[in-house]
$ cat coords.txt   # compact mmCIF, C-alpha atoms and all ligand atoms
# COMPACT_ATOMS: atom_id res chain seq x y z
CA MET S 1 116.98 119.00 75.42
CA PRO S 2 115.44 116.95 78.16
CA LEU S 3 111.86 117.89 77.40
CA GLU S 4 111.34 116.82 73.82
CA THR S 5 109.79 113.40 74.36
CA PRO S 6 108.09 113.30 77.76
CA SER S 7 105.63 115.99 78.67
CA TYR S 8 107.35 116.58 81.99
CA ILE S 9 110.50 115.52 83.76
CA VAL S 10 111.06 114.73 87.43
CA ARG S 11 114.30 115.37 89.28
CA PHE S 12 115.22 114.21 92.78
CA PHE S 13 118.07 115.93 94.61
CA ILE S 14 119.36 113.44 97.16
CA GLY S 15 122.19 113.50 99.67
CA LYS S 16 123.35 113.48 103.27
CA GLY S 17 122.13 116.15 105.68
CA GLY S 18 123.61 119.59 105.06
CA VAL S 19 125.53 118.82 101.86
CA GLY S 20 123.58 121.38 99.81
CA LYS S 21 120.52 119.53 98.47
CA THR S 22 118.19 122.49 98.82
CA THR S 23 120.67 125.01 97.42
CA THR S 24 121.46 122.94 94.33
CA ALA S 25 117.83 121.85 93.78
CA ALA S 26 116.72 125.50 93.96
CA ALA S 27 119.49 126.63 91.59
CA TYR S 28 118.57 123.87 89.14
CA ALA S 29 114.85 124.74 89.32
CA LEU S 30 115.67 128.42 88.71
CA LYS S 31 117.88 127.48 85.78
CA MET S 32 115.07 125.47 84.15
CA ALA S 33 112.53 128.24 84.80
CA MET S 34 114.89 130.78 83.24
CA LYS S 35 115.05 128.58 80.14
CA GLY S 36 111.30 128.99 79.87
CA PHE S 37 110.18 125.68 81.37
CA LYS S 38 107.23 125.72 83.74
CA THR S 39 108.94 124.46 86.87
CA TYR S 40 107.77 123.40 90.34
CA ILE S 41 110.17 122.82 93.20
CA ILE S 42 108.82 120.91 96.16
CA SER S 43 110.50 120.44 99.51
CA LEU S 44 109.60 117.08 101.03
CA ASP S 45 111.96 117.55 103.94
CA PRO S 46 110.17 117.69 107.32
CA ALA S 47 112.82 120.25 108.34
CA HIS S 48 112.28 122.61 105.42
CA ASN S 49 114.85 125.16 104.35
CA LEU S 50 113.71 125.82 100.79
CA GLY S 51 112.06 129.06 101.91
CA ASP S 52 115.35 130.12 103.54
CA VAL S 53 117.28 129.39 100.36
CA LEU S 54 114.78 131.21 98.14
CA ASN S 55 114.60 133.92 100.77
CA THR S 56 110.82 133.92 100.96
CA GLU S 57 108.00 132.41 103.04
CA LEU S 58 106.65 129.19 101.56
CA GLY S 59 103.78 126.89 102.40
CA ASP S 60 101.70 123.97 101.24
CA GLU S 61 100.29 125.87 98.25
CA PRO S 62 102.56 126.73 95.31
CA LYS S 63 104.00 130.22 95.49
CA LYS S 64 105.33 131.91 92.38
CA VAL S 65 108.90 132.89 93.19
CA TYR S 66 110.15 133.79 89.70
CA GLU S 67 108.86 133.78 86.15
CA ASN S 68 107.90 130.12 85.43
CA LEU S 69 108.93 128.98 88.91
CA TRP S 70 106.68 127.87 91.77
CA ALA S 71 107.82 126.57 95.15
CA ILE S 72 106.12 124.46 97.80
CA GLU S 73 107.08 123.37 101.29
CA VAL S 74 104.89 120.38 102.04
CA ASP S 75 103.13 120.66 105.39
CA TYR S 76 104.46 117.43 106.84
CA GLU S 77 102.13 117.01 109.81
CA ASN S 78 99.12 117.81 107.66
CA MET S 79 100.34 115.35 105.04
CA ILE S 80 100.48 112.57 107.64
CA ARG S 81 97.10 113.53 109.12
CA GLU S 82 95.51 113.49 105.66
CA HIS S 83 97.10 110.14 104.86
CA LEU S 84 95.81 108.57 108.08
CA LYS S 85 92.37 110.06 107.57
CA GLN S 86 92.15 108.63 104.07
CA LEU S 87 93.33 105.31 105.43
CA SER S 88 90.74 105.21 108.19
CA ASP S 89 87.97 106.33 105.79
CA LYS S 90 88.95 103.51 103.46
CA ILE S 91 88.96 100.99 106.30
CA LYS S 92 85.57 102.24 107.44
CA ASP S 93 84.25 101.92 103.89
CA ILE S 94 85.60 98.46 103.37
CA TYR S 95 84.88 97.06 106.81
CA GLY S 96 81.60 98.82 107.44
CA TYR S 97 80.99 96.55 110.41
CA LEU S 98 84.16 97.82 112.12
CA ARG S 99 82.25 100.97 113.01
CA ILE S 100 81.44 99.14 116.22
CA PHE S 101 85.12 99.39 117.13
CA ASN S 102 86.82 102.64 117.99
CA LEU S 103 88.93 102.98 114.84
CA ASP S 104 90.26 106.40 115.78
CA LYS S 105 92.23 104.82 118.60
CA TYR S 106 94.06 102.63 116.06
CA VAL S 107 94.71 105.62 113.83
CA ASP S 108 96.42 107.41 116.73
CA VAL S 109 98.71 104.43 117.17
CA LEU S 110 99.36 104.23 113.43
CA ARG S 111 100.74 107.79 113.46
CA HIS S 112 103.82 106.49 115.21
CA SER S 113 104.13 103.21 113.36
CA PRO S 114 107.14 102.47 111.21
CA GLY S 115 106.54 103.18 107.56
CA VAL S 116 103.82 105.79 107.96
CA GLU S 117 106.02 108.75 107.03
CA GLU S 118 107.34 106.94 103.97
CA GLN S 119 103.85 105.92 102.89
CA ALA S 120 102.45 109.42 103.39
CA SER S 121 105.39 110.98 101.52
CA LEU S 122 104.95 108.61 98.60
CA GLU S 123 101.22 109.44 98.43
CA LYS S 124 102.24 113.10 98.37
CA ILE S 125 104.73 112.53 95.55
CA ILE S 126 102.00 110.74 93.57
CA GLU S 127 99.57 113.60 94.25
CA ILE S 128 102.12 116.24 93.21
CA ILE S 129 103.13 114.49 89.98
CA LYS S 130 99.47 113.92 89.07
CA ASN S 131 98.47 117.44 89.94
CA TYR S 132 101.37 119.49 88.57
CA GLY S 133 102.80 117.11 85.95
CA GLU S 134 99.64 115.66 84.46
CA LYS S 135 96.95 118.28 85.14
CA LYS S 136 98.76 121.61 85.32
CA LYS S 137 101.22 120.68 82.61
CA ALA S 138 104.42 121.51 84.42
CA ASN S 139 107.55 120.77 82.40
CA VAL S 140 109.89 120.20 85.32
CA ILE S 141 109.15 118.88 88.82
CA VAL S 142 112.05 119.12 91.25
CA PHE S 143 112.00 117.36 94.60
CA ASP S 144 114.22 118.62 97.38
CA THR S 145 114.32 115.61 99.67
CA PRO S 146 114.94 114.71 103.32
CA PRO S 147 118.38 113.26 104.13
CA THR S 148 119.29 110.06 102.27
CA GLY S 149 117.91 107.26 104.46
CA LEU S 150 114.28 108.39 104.54
CA THR S 151 114.33 109.34 100.84
CA LEU S 152 115.60 105.92 99.80
CA ARG S 153 112.90 104.21 101.84
CA ILE S 154 110.25 106.38 100.17
CA MET S 155 111.60 105.63 96.70
CA ALA S 156 111.80 101.89 97.34
CA LEU S 157 108.24 101.74 98.61
CA PRO S 158 106.50 101.18 95.24
CA THR S 159 108.76 98.22 94.38
CA ILE S 160 108.37 96.66 97.81
CA SER S 161 104.63 97.34 97.97
CA LEU S 162 104.01 95.80 94.56
CA VAL S 163 105.49 92.51 95.77
CA TRP S 164 103.31 92.62 98.87
CA ILE S 165 100.20 93.58 96.94
CA ASP S 166 100.61 90.56 94.63
CA LYS S 167 100.93 88.28 97.66
CA LEU S 168 97.89 89.86 99.32
CA MET S 169 95.87 89.46 96.13
CA GLU S 170 96.71 85.76 96.00
CA LEU S 171 95.75 85.42 99.64
CA ARG S 172 92.49 87.28 99.10
CA LEU S 173 91.56 85.07 96.17
CA ALA S 174 92.25 82.01 98.31
CA ILE S 175 90.01 83.38 101.09
CA LEU S 176 87.19 84.08 98.66
CA GLU S 177 87.62 80.63 97.16
CA ARG S 178 87.27 79.03 100.63
CA ARG S 179 84.19 81.10 101.35
CA ARG S 180 82.61 79.95 98.11
CA ALA S 181 83.44 76.33 98.94
CA ILE S 182 81.81 76.67 102.37
CA THR S 183 78.72 78.29 100.82
CA LYS S 184 78.42 75.35 98.44
CA ILE S 185 78.63 72.85 101.27
CA THR S 186 76.22 74.61 103.63
CA GLY S 187 73.91 75.86 100.86
CA GLU S 188 73.56 79.11 102.81
CA GLU S 189 74.84 82.65 102.37
CA PHE S 190 78.26 83.28 103.90
CA GLU S 191 77.87 85.19 107.13
CA VAL S 192 80.07 86.13 110.05
CA GLU S 193 78.99 87.07 113.53
CA ILE S 194 80.51 90.19 115.06
CA ALA S 195 79.42 91.56 118.42
CA GLY S 196 76.27 89.46 118.25
CA LYS S 197 75.34 90.73 114.77
CA LYS S 198 75.20 88.51 111.71
CA LEU S 199 76.82 90.10 108.66
CA LYS S 200 76.92 88.92 105.07
CA VAL S 201 80.42 88.99 103.58
CA PRO S 202 81.42 88.84 99.90
CA ILE S 203 82.39 85.58 98.26
CA ASP S 204 83.04 86.86 94.72
CA VAL S 205 86.01 88.88 93.49
CA ALA S 206 83.72 91.30 91.66
CA GLU S 207 81.95 92.34 94.84
CA ASP S 208 84.88 92.18 97.25
CA PRO S 209 85.92 95.70 98.31
CA ILE S 210 89.27 94.48 99.61
CA TYR S 211 90.23 92.94 96.27
CA LYS S 212 89.09 96.12 94.52
CA GLU S 213 91.26 98.20 96.85
CA LEU S 214 94.24 95.94 96.15
CA ILE S 215 93.67 96.44 92.42
CA ASN S 216 93.54 100.23 92.95
CA LEU S 217 96.74 100.17 95.00
CA LYS S 218 98.47 98.01 92.43
CA SER S 219 97.53 100.36 89.63
CA GLU S 220 98.61 103.45 91.59
CA TYR S 221 101.97 101.97 92.66
CA SER S 222 102.65 100.58 89.18
CA TRP S 223 101.94 104.04 87.77
CA ILE S 224 104.40 105.83 90.07
CA ASN S 225 106.97 103.06 89.73
CA ASN S 226 106.82 103.38 85.94
CA ILE S 227 107.46 107.10 86.26
CA ILE S 228 110.32 106.95 88.74
CA THR S 229 112.05 104.08 86.93
CA ASP S 230 111.75 105.69 83.50
CA PRO S 231 115.09 107.42 82.83
CA SER S 232 113.53 109.61 80.15
CA LYS S 233 111.32 111.06 82.89
CA THR S 234 113.00 110.69 86.26
CA ILE S 235 116.64 111.31 87.11
CA VAL S 236 118.40 111.50 90.46
CA ALA S 237 121.13 114.01 91.18
CA LEU S 238 123.28 112.95 94.11
CA ILE S 239 124.77 115.81 96.07
CA THR S 240 127.87 115.35 98.13
CA ASN S 241 130.65 117.39 99.62
CA PRO S 242 134.22 116.60 98.54
CA GLU S 243 134.79 114.47 101.66
CA MET S 244 134.97 110.70 101.89
CA LEU S 245 132.01 110.08 104.23
CA PRO S 246 129.36 111.85 102.18
CA ILE S 247 130.87 110.40 99.00
CA LEU S 248 130.62 106.87 100.40
CA GLU S 249 127.05 107.52 101.52
CA ALA S 250 126.24 108.81 98.03
CA TYR S 251 127.79 105.68 96.54
CA ARG S 252 125.65 103.42 98.74
CA ALA S 253 122.58 105.45 97.77
CA TYR S 254 123.53 105.12 94.12
CA ASN S 255 123.84 101.32 94.40
CA PHE S 256 120.52 101.07 96.17
CA LEU S 257 118.75 103.29 93.63
CA THR S 258 120.22 101.26 90.78
CA LYS S 259 118.95 98.08 92.40
CA ILE S 260 115.38 99.42 92.47
CA GLY S 261 115.66 100.64 88.88
CA ILE S 262 116.06 104.38 89.50
CA TYR S 263 118.54 106.22 87.32
CA THR S 264 121.24 108.43 88.82
CA LYS S 265 122.88 110.57 86.19
CA TYR S 266 124.41 113.48 88.06
CA ILE S 267 126.92 113.82 90.86
CA ILE S 268 127.17 117.29 92.29
CA LEU S 269 130.26 118.00 94.38
CA ASN S 270 129.27 120.98 96.44
CA LYS S 271 131.43 123.24 98.61
CA VAL S 272 134.70 122.49 96.86
CA LEU S 273 137.45 124.56 98.43
CA ILE S 274 139.24 126.45 95.73
CA VAL S 275 142.20 128.36 97.06
CA ARG S 276 144.62 130.01 94.67
CA SER S 277 147.61 130.07 96.96
CA VAL S 278 147.14 127.49 99.66
CA PRO S 279 148.22 128.56 103.16
CA GLU S 280 150.34 125.98 104.99
CA GLU S 281 147.55 125.12 107.51
CA LEU S 282 145.10 124.37 104.72
CA LYS S 283 147.41 122.10 102.72
CA PRO S 284 146.37 118.83 104.44
CA LYS S 285 142.70 119.75 104.01
CA ILE S 286 143.10 120.52 100.30
CA ASN S 287 145.03 117.27 99.86
CA GLU S 288 142.24 115.31 101.49
CA GLN S 289 139.69 117.09 99.37
CA ASN S 290 141.55 116.35 96.14
CA LYS S 291 141.86 112.70 97.08
CA ALA S 292 138.14 112.57 97.84
CA ILE S 293 137.26 114.17 94.49
CA GLU S 294 139.52 111.71 92.68
CA GLU S 295 137.83 108.83 94.51
CA ALA S 296 134.36 110.16 93.64
CA ARG S 297 135.28 110.40 89.97
CA LYS S 298 136.50 106.79 90.11
CA LEU S 299 133.41 105.47 91.91
CA PHE S 300 131.01 107.29 89.60
CA LYS S 301 133.03 107.05 86.43
CA ASP S 302 130.16 107.10 83.92
CA LYS S 303 128.24 109.94 85.62
CA THR S 304 128.01 113.62 84.75
CA PHE S 305 129.75 115.75 87.37
CA ALA S 306 129.28 119.30 88.51
CA GLU S 307 131.58 121.03 90.98
CA ILE S 308 130.34 124.00 92.95
CA PRO S 309 132.98 125.93 94.90
CA TYR S 310 132.70 126.80 98.54
CA LEU S 311 131.21 130.24 98.02
CA PRO S 312 132.25 133.15 100.24
CA LYS S 313 128.63 133.71 101.23
CA GLU S 314 125.73 131.30 101.82
CA PRO S 315 123.70 131.40 98.60
CA ARG S 316 120.32 132.90 99.48
CA GLY S 317 117.77 134.43 97.17
CA ILE S 318 117.43 134.49 93.40
CA ASP S 319 120.56 136.54 92.67
CA ASP S 320 122.84 134.26 94.69
CA LEU S 321 121.25 131.22 93.07
CA LYS S 322 121.97 132.67 89.64
CA ASP S 323 125.67 132.48 90.59
CA VAL S 324 125.26 128.82 91.57
CA ILE S 325 123.62 128.09 88.18
CA THR S 326 126.88 128.87 86.43
CA TYR S 327 128.39 125.74 88.01
CA ILE S 328 125.58 123.33 87.10
CA GLU S 329 125.33 123.95 83.38
CA ASP S 330 125.61 120.22 82.59
CA ILE S 331 122.73 119.25 84.90
CA SER S 332 119.56 119.06 82.82
N1 LIG R 401 128.45 126.11 97.55
C1 LIG R 401 128.20 126.61 98.76
N2 LIG R 401 129.00 127.54 99.29
C2 LIG R 401 128.77 128.03 100.52
N3 LIG R 401 127.75 127.67 101.29
C3 LIG R 401 126.91 126.77 100.82
C4 LIG R 401 127.06 126.18 99.53
N4 LIG R 401 126.05 125.31 99.32
C5 LIG R 401 125.31 125.32 100.43
N5 LIG R 401 125.80 126.20 101.33
C6 LIG R 401 125.30 126.45 102.68
O1 LIG R 401 125.39 125.22 103.40
C7 LIG R 401 124.27 125.02 104.23
C8 LIG R 401 123.55 123.74 103.85
O2 LIG R 401 123.04 123.86 102.52
P1 LIG R 401 121.60 123.32 102.16
O3 LIG R 401 120.60 123.82 103.12
O4 LIG R 401 121.38 123.57 100.72
O5 LIG R 401 121.86 121.77 102.40
P2 LIG R 401 120.79 120.59 102.58
O6 LIG R 401 121.49 119.37 102.08
O7 LIG R 401 119.52 120.97 101.93
O8 LIG R 401 120.63 120.55 104.13
P3 LIG R 401 119.50 119.78 104.99
O9 LIG R 401 119.89 118.33 104.96
O10 LIG R 401 119.62 120.40 106.32
O11 LIG R 401 118.20 120.05 104.30
C9 LIG R 401 123.42 126.25 104.06
O12 LIG R 401 123.77 127.15 105.06
C10 LIG R 401 123.82 126.78 102.70
O13 LIG R 401 123.61 128.17 102.54
MG MG R 402 117.55 121.02 102.68

$ encode --input "coords.txt" --output "structure tokens"
Amino acid sequence: MPLETPSYIVRFFIGKGGVGKTTTAAAYALKMAMKGFKTYIISLDPAHNLGDVLNTELGDEPKKVYENLWAIEVDYENMIREHLKQLSDKIKDIYGYLRIFNLDKYVDVLRHSPGVEEQASLEKIIEIIKNYGEKKKANVIVFDTPPTGLTLRIMALPTISLVWIDKLMELRLAILERRRAITKITGEEFEVEIAGKKLKVPIDVAEDPIYKELINLKSEYSWINNIITDPSKTIVALITNPEMLPILEAYRAYNFLTKIGIYTKYIILNKVLIVRSVPEELKPKINEQNKAIEEARKLFKDKTFAEIPYLPKEPRGIDDLKDVITYIEDIS
């Protein structure tokens, strides 16, 4: 059982666009809920389709869609707005004197800066795990993610940020040290002049709001990094179709995730064509597919596989998802 030691587990369903991330994530979440685990499934994809798969309207607040199962489609624009607002509030707090500048103008520009979506998504993941995992005592948190590239950037962010934060902390200490040295020489308080106004600035670590913020960030990013790199808590399921391009993309994703310490345990081959008597025209296609499956099993030789057939009908709604569950029994 996956839930004996940790209080909750986190699962990320990752893969190329259209391979079946949402369908398999929803089937897995339903399976866990049916086993009696309190389960939340959260779509982080800006182009949501979790509601379509569950056949119900979803929004930013959890909606109960089955016994023990709640679903959320994160409001992406709102998430980014909130993130930027928090950022500008923090800047205003820390650099009180910057009120003389028009900060809002910078915030507008930030909206379109590289990295903002990743940062906002990571903040959201942290908020969700804290809220549903820690406070509301969920047993299972399932993330249905945007296509591979963006997801990998989000998941690498804690590792990358922690390196930066350490550098910034060193730099900050050096700045404070210089300020103290100047204060000693001049024998006066350390002041800067901005727009004709003299302002006192901190010289000690204990009273420096920037250093405090760096400590906060470090503790928050270390916390999430510990969760997503703990294989007893967080596991990635890579979804792919039985075709070489998505398999190779999944393999690159797997290597990248391994490099940043995130554990991939499951490979889900979705939309496998199973034809009892193969018509002549389909023979090359089935051959290709079989070769691709063989290659996937070679590339991911120590992973747990699930194969879901190409179903005659798009799986939509709880009953259809129950059919999908029968193919993912080994995914826990
Ligand atoms: N095993 C299957 N058999 C038949 N159709 C399937 C199967 N799995 C998924 N589909 C269909 O394939 C399409 C894509 O599936 P899904 O939305 O789950 O993929 P996705 O990876 O989440 O896509 P996106 O990247 O757009 O979010 C949907 O129309 C879905 O109903
Ligand atoms: Mg999807």

$ closest_atom_pairs --input "coords.txt" --of "chain S" --to "ligand LIG 401 (chain R)" --cutoff "7 Å" --atoms "all atoms listed in the file" --output "JSON lines"
{"residue": "S:Gly15", "atom": "CA", "partner": "R:LIG401", "partner_atom": "O6", "distance": 6.4}
{"residue": "S:Lys16", "atom": "CA", "partner": "R:LIG401", "partner_atom": "O9", "distance": 6.2}
{"residue": "S:Gly17", "atom": "CA", "partner": "R:LIG401", "partner_atom": "O9", "distance": 3.2}
{"residue": "S:Gly18", "atom": "CA", "partner": "R:LIG401", "partner_atom": "O8", "distance": 3.3}
{"residue": "S:Val19", "atom": "CA", "partner": "R:LIG401", "partner_atom": "O6", "distance": 4.1}
{"residue": "S:Gly20", "atom": "CA", "partner": "R:LIG401", "partner_atom": "O5", "distance": 3.1}
{"residue": "S:Lys21", "atom": "CA", "partner": "R:LIG401", "partner_atom": "O6", "distance": 3.7}
{"residue": "S:Thr22", "atom": "CA", "partner": "R:LIG401", "partner_atom": "O7", "distance": 3.7}
{"residue": "S:Thr23", "atom": "CA", "partner": "R:LIG401", "partner_atom": "O4", "distance": 3.7}
{"residue": "S:Thr24", "atom": "CA", "partner": "R:LIG401", "partner_atom": "O4", "distance": 6.4}
{"residue": "S:Asp45", "atom": "CA", "partner": "R:LIG401", "partner_atom": "O11", "distance": 6.7}
{"residue": "S:Ala47", "atom": "CA", "partner": "R:LIG401", "partner_atom": "O11", "distance": 6.7}
{"residue": "S:His48", "atom": "CA", "partner": "R:LIG401", "partner_atom": "O11", "distance": 6.5}
{"residue": "S:Asn49", "atom": "CA", "partner": "R:LIG401", "partner_atom": "O3", "distance": 6.0}
{"residue": "S:Val53", "atom": "CA", "partner": "R:LIG401", "partner_atom": "O13", "distance": 6.8}
{"residue": "S:Pro146", "atom": "CA", "partner": "R:LIG401", "partner_atom": "O11", "distance": 6.3}
{"residue": "S:Pro147", "atom": "CA", "partner": "R:LIG401", "partner_atom": "O9", "distance": 5.4}
{"residue": "S:Asn270", "atom": "CA", "partner": "R:LIG401", "partner_atom": "N1", "distance": 5.3}
{"residue": "S:Lys271", "atom": "CA", "partner": "R:LIG401", "partner_atom": "N1", "distance": 4.3}
{"residue": "S:Ile308", "atom": "CA", "partner": "R:LIG401", "partner_atom": "N1", "distance": 5.4}
{"residue": "S:Pro309", "atom": "CA", "partner": "R:LIG401", "partner_atom": "N1", "distance": 5.3}
{"residue": "S:Tyr310", "atom": "CA", "partner": "R:LIG401", "partner_atom": "N2", "distance": 3.8}
{"residue": "S:Leu311", "atom": "CA", "partner": "R:LIG401", "partner_atom": "N2", "distance": 3.7}
{"residue": "S:Pro312", "atom": "CA", "partner": "R:LIG401", "partner_atom": "C2", "distance": 6.2}
{"residue": "S:Lys313", "atom": "CA", "partner": "R:LIG401", "partner_atom": "C2", "distance": 5.7}
{"residue": "S:Glu314", "atom": "CA", "partner": "R:LIG401", "partner_atom": "O13", "distance": 3.8}
{"residue": "S:Pro315", "atom": "CA", "partner": "R:LIG401", "partner_atom": "O13", "distance": 5.1}
{"residue": "S:Arg316", "atom": "CA", "partner": "R:LIG401", "partner_atom": "O13", "distance": 6.5}

$ residues_around --input "coords.txt" --residues "range 55-70 of chain S" --least-positions-apart "4" --cutoff "10 Å" --atoms "all atoms listed in the file" --output "PyMOL selection string"
chain S and resi 26+29-43+48-51+74-76+78-79+132+138-141+315-318

$ atom_distance --input "coords.txt" --atom1 "CA of Ile224 in chain S" --atom2 "CA of Ile126 in chain S"
6.5 Å

$ closest_residue --input "coords.txt" --among "S:Trp164, S:Phe13, S:Thr186, S:Leu84" --to "ligand MG 402 (chain R)" --atoms "all atoms listed in the file"
S:Phe13

$ residues_around --input "coords.txt" --residues "range 108-112 of chain S" --least-positions-apart "3" --cutoff "8 Å" --atoms "all atoms listed in the file" --output "PyMOL selection string"
chain S and resi 80+84+104-105+116

$ atom_distance --input "coords.txt" --atom1 "CA of Thr148 in chain S" --atom2 "CA of Val236 in chain S"
11.9 Å

$ closest_residue --input "coords.txt" --among "S:Ile210, S:Ile239, S:Ile262, S:Ala120" --to "ligand MG 402 (chain R)" --atoms "only C-alpha atoms and all ligand atoms"
S:Ile239

$ residues_around --input "coords.txt" --residues "Pro202 in chain S" --least-positions-apart "5" --cutoff "10 Å" --atoms "all atoms listed in the file" --output "JSON, numbers by chain"
{"S": [176, 179, 180, 189, 190, 191, 207, 208, 209, 210]}

$ residues_around --input "coords.txt" --residues "range 291-295 of chain S" --least-positions-apart "6" --cutoff "10 Å" --atoms "all atoms listed in the file" --output "PyMOL selection string"
chain S and resi 241-248+269+272+285+301+307

$ write_last_selection --input "coords.txt" --atoms "C-alpha atoms" --output "short mmCIF file (atom, residue, chain, number, x, y, z; two decimals), in the frame of the given file"
data_model
loop_
_atom_site.label_atom_id
_atom_site.label_comp_id
_atom_site.auth_asym_id
_atom_site.auth_seq_id
_atom_site.Cartn_x
_atom_site.Cartn_y
_atom_site.Cartn_z
CA ASN S 241 130.65 117.39 99.62
CA PRO S 242 134.22 116.60 98.54
CA GLU S 243 134.79 114.47 101.66
CA MET S 244 134.97 110.70 101.89
CA LEU S 245 132.01 110.08 104.23
CA PRO S 246 129.36 111.85 102.18
CA ILE S 247 130.87 110.40 99.00
CA LEU S 248 130.62 106.87 100.40
CA LEU S 269 130.26 118.00 94.38
CA VAL S 272 134.70 122.49 96.86
CA LYS S 285 142.70 119.75 104.01
CA LYS S 301 133.03 107.05 86.43
CA GLU S 307 131.58 121.03 90.98
#

$ atom_distance --input "coords.txt" --atom1 "CA of Glu329 in chain S" --atom2 "CA of Tyr28 in chain S"
8.9 Å

$ residues_around --input "coords.txt" --residues "Ile228 in chain S" --least-positions-apart "6" --cutoff "9 Å" --atoms "all atoms listed in the file" --output "PyMOL selection string"
chain S and resi 10+155+234-235+261-263

$ closest_residue --input "coords.txt" --among "S:Leu44, S:Ile9, S:Ile94, S:Ile154" --to "ligand MG 402 (chain R)" --atoms "only C-alpha atoms and all ligand atoms"
S:Leu44

$ build_atoms --input "coords.txt" --residues "range 280-285 of chain S" --atoms "all heavy atoms" --output "PDB file, in the frame of the given file"
ATOM      1  N   GLU S 280     149.768 127.217 104.447  1.00  0.00           N
ATOM      2  CA  GLU S 280     150.340 125.980 104.990  1.00  0.00           C
ATOM      3  C   GLU S 280     149.297 125.168 105.773  1.00  0.00           C
ATOM      4  O   GLU S 280     149.172 123.955 105.577  1.00  0.00           O
ATOM      5  CB  GLU S 280     151.523 126.372 105.902  1.00  0.00           C
ATOM      6  CG  GLU S 280     152.573 125.287 106.076  1.00  0.00           C
ATOM      7  CD  GLU S 280     153.062 124.680 104.757  1.00  0.00           C
ATOM      8  OE1 GLU S 280     153.331 125.414 103.757  1.00  0.00           O
ATOM      9  OE2 GLU S 280     153.139 123.439 104.733  1.00  0.00           O
ATOM     10  N   GLU S 281     148.517 125.850 106.659  1.00  0.00           N
ATOM     11  CA  GLU S 281     147.550 125.120 107.510  1.00  0.00           C
ATOM     12  C   GLU S 281     146.470 124.424 106.692  1.00  0.00           C
ATOM     13  O   GLU S 281     145.870 123.462 107.149  1.00  0.00           O
ATOM     14  CB  GLU S 281     146.820 126.050 108.488  1.00  0.00           C
ATOM     15  CG  GLU S 281     147.581 127.089 109.229  1.00  0.00           C
ATOM     16  CD  GLU S 281     147.825 128.353 108.428  1.00  0.00           C
ATOM     17  OE1 GLU S 281     148.730 128.320 107.569  1.00  0.00           O
ATOM     18  OE2 GLU S 281     147.147 129.367 108.665  1.00  0.00           O
ATOM     19  N   LEU S 282     146.190 124.952 105.514  1.00  0.00           N
ATOM     20  CA  LEU S 282     145.100 124.370 104.720  1.00  0.00           C
ATOM     21  C   LEU S 282     145.581 123.246 103.793  1.00  0.00           C
ATOM     22  O   LEU S 282     144.755 122.532 103.229  1.00  0.00           O
ATOM     23  CB  LEU S 282     144.443 125.464 103.868  1.00  0.00           C
ATOM     24  CG  LEU S 282     143.119 126.039 104.381  1.00  0.00           C
ATOM     25  CD1 LEU S 282     142.525 126.996 103.356  1.00  0.00           C
ATOM     26  CD2 LEU S 282     142.099 124.936 104.698  1.00  0.00           C
ATOM     27  N   LYS S 283     146.899 123.089 103.687  1.00  0.00           N
ATOM     28  CA  LYS S 283     147.410 122.100 102.720  1.00  0.00           C
ATOM     29  C   LYS S 283     146.872 120.674 102.956  1.00  0.00           C
ATOM     30  O   LYS S 283     146.417 120.034 102.011  1.00  0.00           O
ATOM     31  CB  LYS S 283     148.943 122.120 102.704  1.00  0.00           C
ATOM     32  CG  LYS S 283     149.435 123.192 101.760  1.00  0.00           C
ATOM     33  CD  LYS S 283     150.920 123.130 101.538  1.00  0.00           C
ATOM     34  CE  LYS S 283     151.297 124.289 100.609  1.00  0.00           C
ATOM     35  NZ  LYS S 283     152.685 124.711 100.803  1.00  0.00           N
ATOM     36  N   PRO S 284     146.904 120.191 104.234  1.00  0.00           N
ATOM     37  CA  PRO S 284     146.370 118.830 104.440  1.00  0.00           C
ATOM     38  C   PRO S 284     144.903 118.726 104.025  1.00  0.00           C
ATOM     39  O   PRO S 284     144.478 117.747 103.420  1.00  0.00           O
ATOM     40  CB  PRO S 284     146.523 118.604 105.949  1.00  0.00           C
ATOM     41  CG  PRO S 284     147.414 119.674 106.452  1.00  0.00           C
ATOM     42  CD  PRO S 284     147.408 120.801 105.465  1.00  0.00           C
ATOM     43  N   LYS S 285     144.132 119.751 104.331  1.00  0.00           N
ATOM     44  CA  LYS S 285     142.700 119.750 104.010  1.00  0.00           C
ATOM     45  C   LYS S 285     142.492 119.682 102.487  1.00  0.00           C
ATOM     46  O   LYS S 285     141.677 118.892 101.991  1.00  0.00           O
ATOM     47  CB  LYS S 285     142.060 121.022 104.602  1.00  0.00           C
ATOM     48  CG  LYS S 285     140.624 121.256 104.239  1.00  0.00           C
ATOM     49  CD  LYS S 285     139.693 120.289 104.944  1.00  0.00           C
ATOM     50  CE  LYS S 285     138.291 120.334 104.360  1.00  0.00           C
ATOM     51  NZ  LYS S 285     137.539 119.125 104.569  1.00  0.00           N
TER      52      LYS S 285
END
